[in-house]
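With compact mmCIF, C-alpha atoms inside, this is protein-v7.txt:
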```
# COMPACT_ATOMS: atom_id res chain seq x y z
CA GLY A 1 97.39 -54.68 -15.40
CA ARG A 2 93.80 -53.72 -14.69
CA LEU A 3 94.17 -50.55 -16.79
CA ALA A 4 94.41 -52.81 -19.83
CA ARG A 5 90.90 -54.18 -19.23
CA ALA A 6 89.49 -50.95 -20.60
CA LEU A 7 91.43 -51.63 -23.80
CA ASP A 8 90.01 -55.11 -24.40
CA PRO A 9 89.70 -55.62 -28.19
CA ALA A 10 86.27 -57.17 -27.69
CA ARG A 11 85.06 -53.89 -26.21
CA LEU A 12 86.72 -51.80 -28.92
CA ALA A 13 85.28 -53.71 -31.86
CA GLU A 14 82.09 -51.63 -31.83
CA PRO A 15 82.97 -47.93 -31.51
CA GLN A 16 79.42 -47.02 -30.53
CA ASP A 17 79.58 -49.17 -27.40
CA ARG A 18 79.67 -47.39 -24.06
CA LEU A 19 82.35 -48.37 -21.59
CA GLN A 20 79.74 -49.76 -19.20
CA GLY A 21 78.88 -53.41 -19.49
CA GLY A 22 81.07 -56.45 -19.19
CA GLU A 23 82.07 -58.98 -16.64
CA GLU A 24 83.73 -56.94 -13.94
CA GLY A 25 82.62 -53.65 -12.43
CA VAL A 26 84.25 -50.98 -10.30
CA GLU A 27 81.99 -48.69 -8.35
CA HIS A 28 82.79 -45.14 -7.32
CA GLY A 29 79.93 -43.28 -5.71
CA ARG A 30 77.03 -43.47 -8.13
CA VAL A 31 79.20 -44.03 -11.20
CA GLU A 32 79.46 -47.68 -12.17
CA LEU A 33 82.54 -48.34 -14.25
CA ARG A 34 82.74 -51.65 -16.06
CA ALA A 35 85.17 -53.27 -18.43
CA ALA A 36 85.51 -56.79 -19.79
CA ALA A 37 88.44 -59.06 -18.99
CA VAL A 38 91.53 -58.59 -21.16
CA PRO A 39 93.61 -61.30 -22.85
CA GLU A 40 96.80 -62.28 -21.04
CA ASP A 41 99.05 -60.75 -23.69
CA ARG A 42 97.45 -57.35 -23.07
CA GLU A 43 97.98 -57.81 -19.34
CA ARG A 44 101.67 -58.43 -19.98
CA LEU A 45 101.80 -55.44 -22.31
CA LEU A 46 101.19 -52.94 -19.52
CA GLN A 47 102.48 -54.95 -16.56
CA ARG A 48 105.89 -55.65 -18.10
CA GLN A 49 106.29 -52.53 -20.20
CA ARG A 50 109.98 -51.62 -20.23
CA GLY A 51 110.43 -48.37 -22.13
CA PRO A 52 108.50 -45.11 -22.32
CA VAL A 53 104.73 -45.04 -22.76
CA ASP A 54 103.88 -41.94 -24.74
CA PRO A 55 100.50 -40.22 -24.61
CA VAL A 56 101.19 -38.72 -28.05
CA ARG A 57 98.54 -36.67 -29.74
CA GLY A 58 97.84 -34.22 -32.52
CA ASP A 59 94.88 -31.96 -32.96
CA ARG A 60 93.80 -28.83 -34.77
CA VAL A 61 95.98 -27.60 -37.57
CA GLU A 62 98.07 -25.19 -35.52
CA ASP A 63 97.46 -25.92 -31.85
CA VAL A 64 96.90 -28.43 -29.10
CA ALA A 65 93.27 -28.59 -27.97
CA ASP A 66 91.95 -28.43 -24.42
CA ASP A 67 90.48 -31.92 -24.08
CA GLY A 68 93.51 -33.70 -25.50
CA LEU A 69 95.96 -31.71 -23.41
CA GLY A 70 94.14 -32.38 -20.15
CA SER A 71 93.69 -36.04 -21.08
CA GLU A 72 97.35 -36.61 -21.90
CA LEU A 73 98.52 -34.98 -18.68
CA ALA A 74 96.13 -37.09 -16.61
CA LEU A 75 97.10 -40.34 -18.33
CA SER A 76 100.82 -39.63 -18.17
CA ARG A 77 100.69 -38.74 -14.48
CA PHE A 78 98.74 -41.89 -13.71
CA LEU A 79 101.18 -44.08 -15.65
CA ARG A 80 104.12 -42.64 -13.76
CA LYS A 81 102.27 -43.14 -10.50
CA ILE A 82 102.01 -46.88 -11.19
CA GLY A 83 105.70 -47.09 -12.05
CA LYS A 84 105.76 -46.61 -15.81
CA GLN A 85 108.03 -44.30 -17.78
CA SER A 86 105.99 -41.75 -19.70
CA VAL A 87 106.73 -38.86 -22.06
CA VAL A 88 104.14 -36.42 -23.46
CA LEU A 89 104.86 -35.12 -26.97
CA ASN A 90 102.81 -32.64 -29.01
CA PHE A 91 103.49 -31.21 -32.46
CA SER A 92 102.98 -27.62 -31.28
CA GLU A 93 103.79 -25.46 -28.30
CA THR A 94 101.46 -25.56 -25.32
CA PRO A 95 98.94 -22.68 -25.58
CA SER A 96 99.72 -19.93 -23.08
CA ASN A 97 96.40 -20.32 -21.27
CA HIS A 98 97.17 -24.00 -20.58
CA THR A 99 100.68 -23.74 -19.17
CA PHE A 100 99.27 -23.45 -15.62
CA LEU A 101 98.38 -27.17 -15.83
CA ASP A 102 101.95 -28.11 -16.73
CA TYR A 103 103.53 -27.38 -13.38
CA HIS A 104 106.09 -30.19 -13.74
CA ASP A 105 107.16 -29.24 -17.30
CA GLU A 106 105.76 -32.50 -18.65
CA LEU A 107 104.59 -31.21 -22.03
CA LYS A 108 107.18 -31.23 -24.79
CA LYS A 109 107.04 -29.97 -28.35
CA PHE A 110 108.22 -32.69 -30.72
CA ASN A 111 111.59 -31.80 -32.27
CA GLY A 112 112.40 -34.86 -34.40
CA GLY A 113 115.80 -36.43 -33.62
CA SER A 114 115.83 -37.53 -30.00
CA ASP A 115 112.04 -37.32 -29.72
CA GLY A 116 111.69 -39.51 -32.78
CA LYS A 117 113.88 -42.07 -31.04
CA VAL A 118 111.57 -41.94 -28.02
CA LEU A 119 108.68 -42.94 -30.27
CA MET A 120 110.67 -45.66 -31.97
CA ASP A 121 111.84 -47.14 -28.64
CA ALA A 122 108.51 -47.01 -26.82
CA ASP A 123 106.55 -50.16 -25.97
CA VAL A 124 103.15 -48.45 -26.09
CA LEU A 125 101.99 -45.27 -27.85
CA PHE A 126 98.71 -43.55 -27.00
CA ALA A 127 97.11 -41.03 -29.37
CA LEU A 128 94.54 -39.00 -27.46
CA ASP A 129 91.58 -36.97 -28.69
CA MET A 130 92.36 -37.63 -32.34
CA ASN A 131 91.75 -40.46 -34.79
CA ASN A 132 93.58 -39.46 -37.97
CA SER A 133 97.31 -40.07 -38.32
CA GLY A 134 97.74 -36.95 -40.45
CA ARG A 135 96.93 -34.84 -37.40
CA LEU A 136 100.14 -36.04 -35.77
CA ARG A 137 101.98 -33.79 -38.21
CA ASP A 138 105.77 -34.17 -37.78
CA MET A 139 105.28 -37.12 -35.44
CA GLU A 140 103.29 -39.16 -37.96
CA LYS A 141 106.23 -40.93 -39.64
CA TYR A 142 107.78 -42.02 -36.34
CA PHE A 143 104.43 -42.98 -34.87
CA LEU A 144 103.47 -45.19 -37.80
CA GLU A 145 106.90 -46.82 -38.13
CA SER A 146 107.35 -47.49 -34.42
CA PRO A 147 107.08 -51.18 -33.45
CA ALA A 148 105.20 -50.14 -30.31
CA LYS A 149 101.63 -51.20 -29.66
CA LYS A 150 99.42 -48.24 -30.57
CA VAL A 151 96.19 -47.16 -28.91
CA ILE A 152 93.64 -44.45 -29.74
CA ILE A 153 91.50 -42.97 -26.96
CA ASP A 154 88.94 -40.69 -28.56
CA HIS A 155 85.26 -39.73 -28.94
CA HIS A 156 85.11 -38.55 -32.57
CA LEU A 157 83.61 -40.10 -35.70
CA GLU A 158 85.41 -41.74 -38.63
CA ALA A 159 88.52 -43.13 -36.99
CA GLN A 160 91.30 -44.21 -39.33
CA ASP A 161 92.69 -47.71 -39.04
CA PHE A 162 96.31 -47.01 -38.09
CA VAL A 163 96.55 -48.40 -34.54
CA ASP A 164 96.33 -51.77 -32.85
CA TYR A 165 93.52 -50.87 -30.47
CA LYS A 166 90.79 -48.24 -30.51
CA LEU A 167 89.07 -47.09 -27.35
CA ILE A 168 86.40 -44.89 -28.90
CA ASP A 169 83.16 -43.85 -27.23
CA LEU A 170 81.05 -41.70 -29.52
CA ASP A 171 78.63 -40.92 -26.70
CA ALA A 172 81.32 -39.50 -24.43
CA PRO A 173 81.34 -35.68 -24.34
CA ALA A 174 85.12 -35.62 -23.91
CA THR A 175 88.14 -37.87 -24.28
CA ALA A 176 88.98 -36.91 -20.70
CA GLU A 177 85.84 -38.71 -19.51
CA ILE A 178 87.01 -41.92 -21.22
CA VAL A 179 90.45 -41.52 -19.64
CA TYR A 180 88.79 -41.09 -16.25
CA ARG A 181 86.82 -44.31 -16.68
CA CYS A 182 89.96 -46.21 -17.62
CA LEU A 183 91.90 -44.92 -14.63
CA ALA A 184 89.02 -45.47 -12.23
CA ALA A 185 88.56 -49.02 -13.55
CA TYR A 186 92.20 -49.64 -12.64
CA ASP A 187 92.01 -48.04 -9.20
CA SER A 188 90.06 -44.86 -8.46
CA ASN A 189 92.08 -44.42 -5.26
CA LEU A 190 95.15 -43.62 -7.38
CA ILE A 191 93.49 -40.59 -8.97
CA ASP A 192 94.92 -37.61 -7.10
CA LYS A 193 94.43 -33.86 -7.42
CA GLU A 194 97.06 -33.42 -10.16
CA ILE A 195 95.49 -36.16 -12.30
CA ALA A 196 92.00 -34.83 -11.53
CA GLU A 197 92.91 -31.31 -12.71
CA GLY A 198 93.83 -32.58 -16.17
CA ILE A 199 90.62 -34.58 -16.44
CA TYR A 200 88.48 -31.71 -15.19
CA ALA A 201 90.04 -29.23 -17.63
CA GLY A 202 89.40 -31.63 -20.53
CA ILE A 203 85.79 -32.30 -19.58
CA MET A 204 84.98 -28.66 -18.80
CA THR A 205 86.28 -27.34 -22.11
CA ASP A 206 84.76 -30.03 -24.34
CA THR A 207 81.35 -29.68 -22.70
CA GLY A 208 81.37 -25.91 -23.13
CA SER A 209 81.62 -25.47 -19.36
CA PHE A 210 78.93 -28.16 -18.91
CA ARG A 211 76.45 -26.53 -21.33
CA PHE A 212 76.49 -28.88 -24.34
CA PRO A 213 73.78 -31.54 -24.90
CA ARG A 214 75.94 -34.55 -24.02
CA THR A 215 76.58 -33.18 -20.52
CA ASP A 216 74.67 -35.92 -18.71
CA GLY A 217 74.43 -37.14 -15.14
CA ASP A 218 77.56 -39.27 -15.47
CA VAL A 219 79.59 -36.18 -16.38
CA HIS A 220 78.46 -34.39 -13.23
CA ARG A 221 79.04 -37.44 -11.04
CA ILE A 222 82.56 -37.76 -12.43
CA THR A 223 83.29 -34.07 -11.92
CA ALA A 224 81.89 -34.31 -8.39
CA HIS A 225 84.58 -36.90 -7.67
CA LEU A 226 87.20 -34.59 -9.17
CA LEU A 227 86.03 -31.72 -6.96
CA ASP A 228 86.20 -34.00 -3.93
CA LEU A 229 89.85 -34.59 -4.81
CA GLY A 230 90.57 -30.87 -4.51
CA VAL A 231 90.03 -29.45 -8.01
CA ASP A 232 89.16 -25.74 -7.86
CA PRO A 233 86.60 -24.92 -10.61
CA PHE A 234 87.24 -21.18 -10.43
CA TYR A 235 91.02 -21.66 -10.74
CA ILE A 236 90.67 -23.89 -13.81
CA TYR A 237 88.08 -21.67 -15.52
CA HIS A 238 89.90 -18.43 -14.73
CA ASN A 239 93.20 -19.66 -16.16
CA LEU A 240 91.65 -21.17 -19.28
CA TYR A 241 89.27 -18.36 -20.22
CA GLU A 242 90.15 -15.19 -18.32
CA GLU A 243 93.96 -15.06 -18.48
CA ASN A 244 94.75 -14.18 -22.11
CA SER A 245 97.96 -12.87 -23.62
CA ILE A 246 97.90 -9.46 -25.30
CA GLY A 247 98.35 -11.19 -28.67
CA ARG A 248 95.33 -13.42 -28.09
CA THR A 249 93.26 -10.41 -27.02
CA ARG A 250 94.23 -8.44 -30.13
CA LEU A 251 93.43 -11.41 -32.34
CA LEU A 252 89.99 -11.67 -30.77
CA GLY A 253 89.46 -7.97 -31.34
CA GLU A 254 90.42 -8.25 -35.01
CA MET A 255 88.07 -11.19 -35.48
CA LEU A 256 85.17 -9.37 -33.81
CA SER A 257 85.78 -6.33 -36.04
CA ASN A 258 85.11 -8.57 -39.07
CA VAL A 259 81.76 -9.95 -37.90
CA GLU A 260 79.15 -10.13 -40.67
CA LEU A 261 75.38 -10.63 -40.36
CA SER A 262 73.13 -12.74 -42.60
CA TYR A 263 69.51 -13.90 -42.71
CA ASP A 264 68.10 -10.65 -41.35
CA GLY A 265 70.59 -10.59 -38.49
CA ARG A 266 69.82 -14.12 -37.28
CA VAL A 267 73.27 -15.49 -38.23
CA SER A 268 76.61 -13.87 -37.49
CA TYR A 269 80.01 -15.07 -38.64
CA ALA A 270 83.60 -13.92 -38.86
CA SER A 271 86.70 -15.17 -40.62
CA ILE A 272 90.38 -14.61 -40.01
CA THR A 273 93.39 -15.85 -41.96
CA LEU A 274 96.85 -16.94 -40.88
CA GLU A 275 98.22 -13.80 -42.60
```

Please render this file's structure as structure tokens.
Amino acid sequence: GRLARALDPARLAEPQDRLQGGEEGVEHGRVELRAAAVPEDRERLLQRQRGPVDPVRGDRVEDVADDGLGSELALSRFLRKIGKQSVVLNFSETPSNHTFLDYHDELKKFNGGSDGKVLMDADVLFALDMNNSGRLRDMEKYFLESPAKKVIIDHHLEAQDFVDYKLIDLDAPATAEIVYRCLAAYDSNLIDKEIAEGIYAGIMTDTGSFRFPRTDGDVHRITAHLLDLGVDPFYIYHNLYEENSIGRTRLLGEMLSNVELSYDGRVSYASITLE
């Protein structure tokens, strides 16, 4: 349906393009969200999807990252809200400081077997906040061999060519912002508090709590909408950054004990190994 307009191949051909621009616009507050029309076969792809749609992603070597996790939760919740079947699979366990977002036990660690079948049987696979198939780890084989249509939603450079469609905005500060624009282009009225929390968590973490250079006016207008939907900034920040396990706290302490100074104290660095 209208969600597919944001995945129009004509818009994805040039990764540097912003999502604004095109033939049809959707306005929410001061944020103008535009996307070009989509070919009929893409309309059918999402309108008549039969099996699971999987926001599948991989990220850093050993863990799931903030932006991707919030993005996949938001997208999956929205898909289910419009009547689609959706499963979220990650190659690693959900970090302890993110489990508060997963109040419906939606996040699953990929275990091969039955989860591999989910990927093989899906009609559409989304890979969020990543653009290299190797980062899918154990899911890579199933993802690449699946007959499903495959879509990347991402904001990083040097995307590999392993999917059917790429929704990449290099100017976006977070994948969660791109997800928001897609969902709002479909129908902003369908974005509820649970969807908004995932988007907010993704944007907040990837903008360094709104400190990084690409935190522009659009970011704040989007987050204003999320706050209007009931997102609690303190609750999100507190759980992400101030509720750490004892293991995480000890690891931080060990890293800080190894801090070295260079260039007359102007540069500090620390290293820590898996051992």

- Note on the structure: Across A:Ala174, A:Val124, A:Leu89, A:Val163, the smallest distance to Arg137 in chain A, with only C-alpha atoms counted, is shown by A:Leu89

- Query: Can you list, as a list in words, every protein, DNA or RNA residue that comes within 9 Å of Tyr237 in chain A when you count all atoms listed in the file, leaving out same-chain residues fewer than 6 positions away?
  - Reply: Ala201, Met204, Thr205 and Ser209 of chain A

Can I get the selection written as a PDB file, keeping the file's coordinate frame, with C-alpha atoms?
```
ATOM      1  CA  ALA A 201      90.040 -29.230 -17.630  1.00  0.00           C
ATOM      2  CA  MET A 204      84.980 -28.660 -18.800  1.00  0.00           C
ATOM      3  CA  THR A 205      86.280 -27.340 -22.110  1.00  0.00           C
ATOM      4  CA  SER A 209      81.620 -25.470 -19.360  1.00  0.00           C
TER       5      SER A 209
END
```

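CA of Gly70 in chain A is found 27.8 Å from CA of Ser271 in chain A.
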
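For the pair CA of Asn90 in chain A and CA of Leu107 in chain A, the interatomic distance is 7.3 Å.
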
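If you look at CA of Val88 in chain A and CA of Gly116 in chain A, they are 12.4 Å away from each other.
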
At most 8 Å is the cut-off: for each residue in range 175-197 of chain A with any atom that close to an atom of range 147-160 of chain A, write down the nearest atom pair and the distance in Å rounded to one decimal, counting all atoms listed in the file, chain first then increasing number, as JSON lines.
```
{"residue": "A:Thr175", "atom": "CA", "partner": "A:Asp154", "partner_atom": "CA", "distance": 5.2}
{"residue": "A:Ile178", "atom": "CA", "partner": "A:Ile153", "partner_atom": "CA", "distance": 7.4}
{"residue": "A:Val179", "atom": "CA", "partner": "A:Ile153", "partner_atom": "CA", "distance": 7.5}
```

Could those selected residues go to a file with C-alpha atoms, as a CSV table (one decimal), in the frame of the given file?
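Result file follows (selection36.csv):
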```csv
chain,number,residue,atom,x,y,z
A,175,THR,CA,88.1,-37.9,-24.3
A,178,ILE,CA,87.0,-41.9,-21.2
A,179,VAL,CA,90.4,-41.5,-19.6
```

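Nearest to Met120 in chain A of all the residues A:Met139, A:Asp102, A:Leu190, A:Leu229 is A:Met139, counting all atoms listed in the file.
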
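Of the listed residues A:Tyr180, A:Phe110, A:Phe143, A:Tyr103, the one whose atoms come nearest to His225 in chain A is A:Tyr180, with distances taken using all atoms listed in the file.
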
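Between Glu145 in chain A and the residues A:Asp129, A:Asp121, A:Asp264, A:Glu72, the shortest atom-to-atom distance, using all atoms listed in the file, involves A:Asp121.
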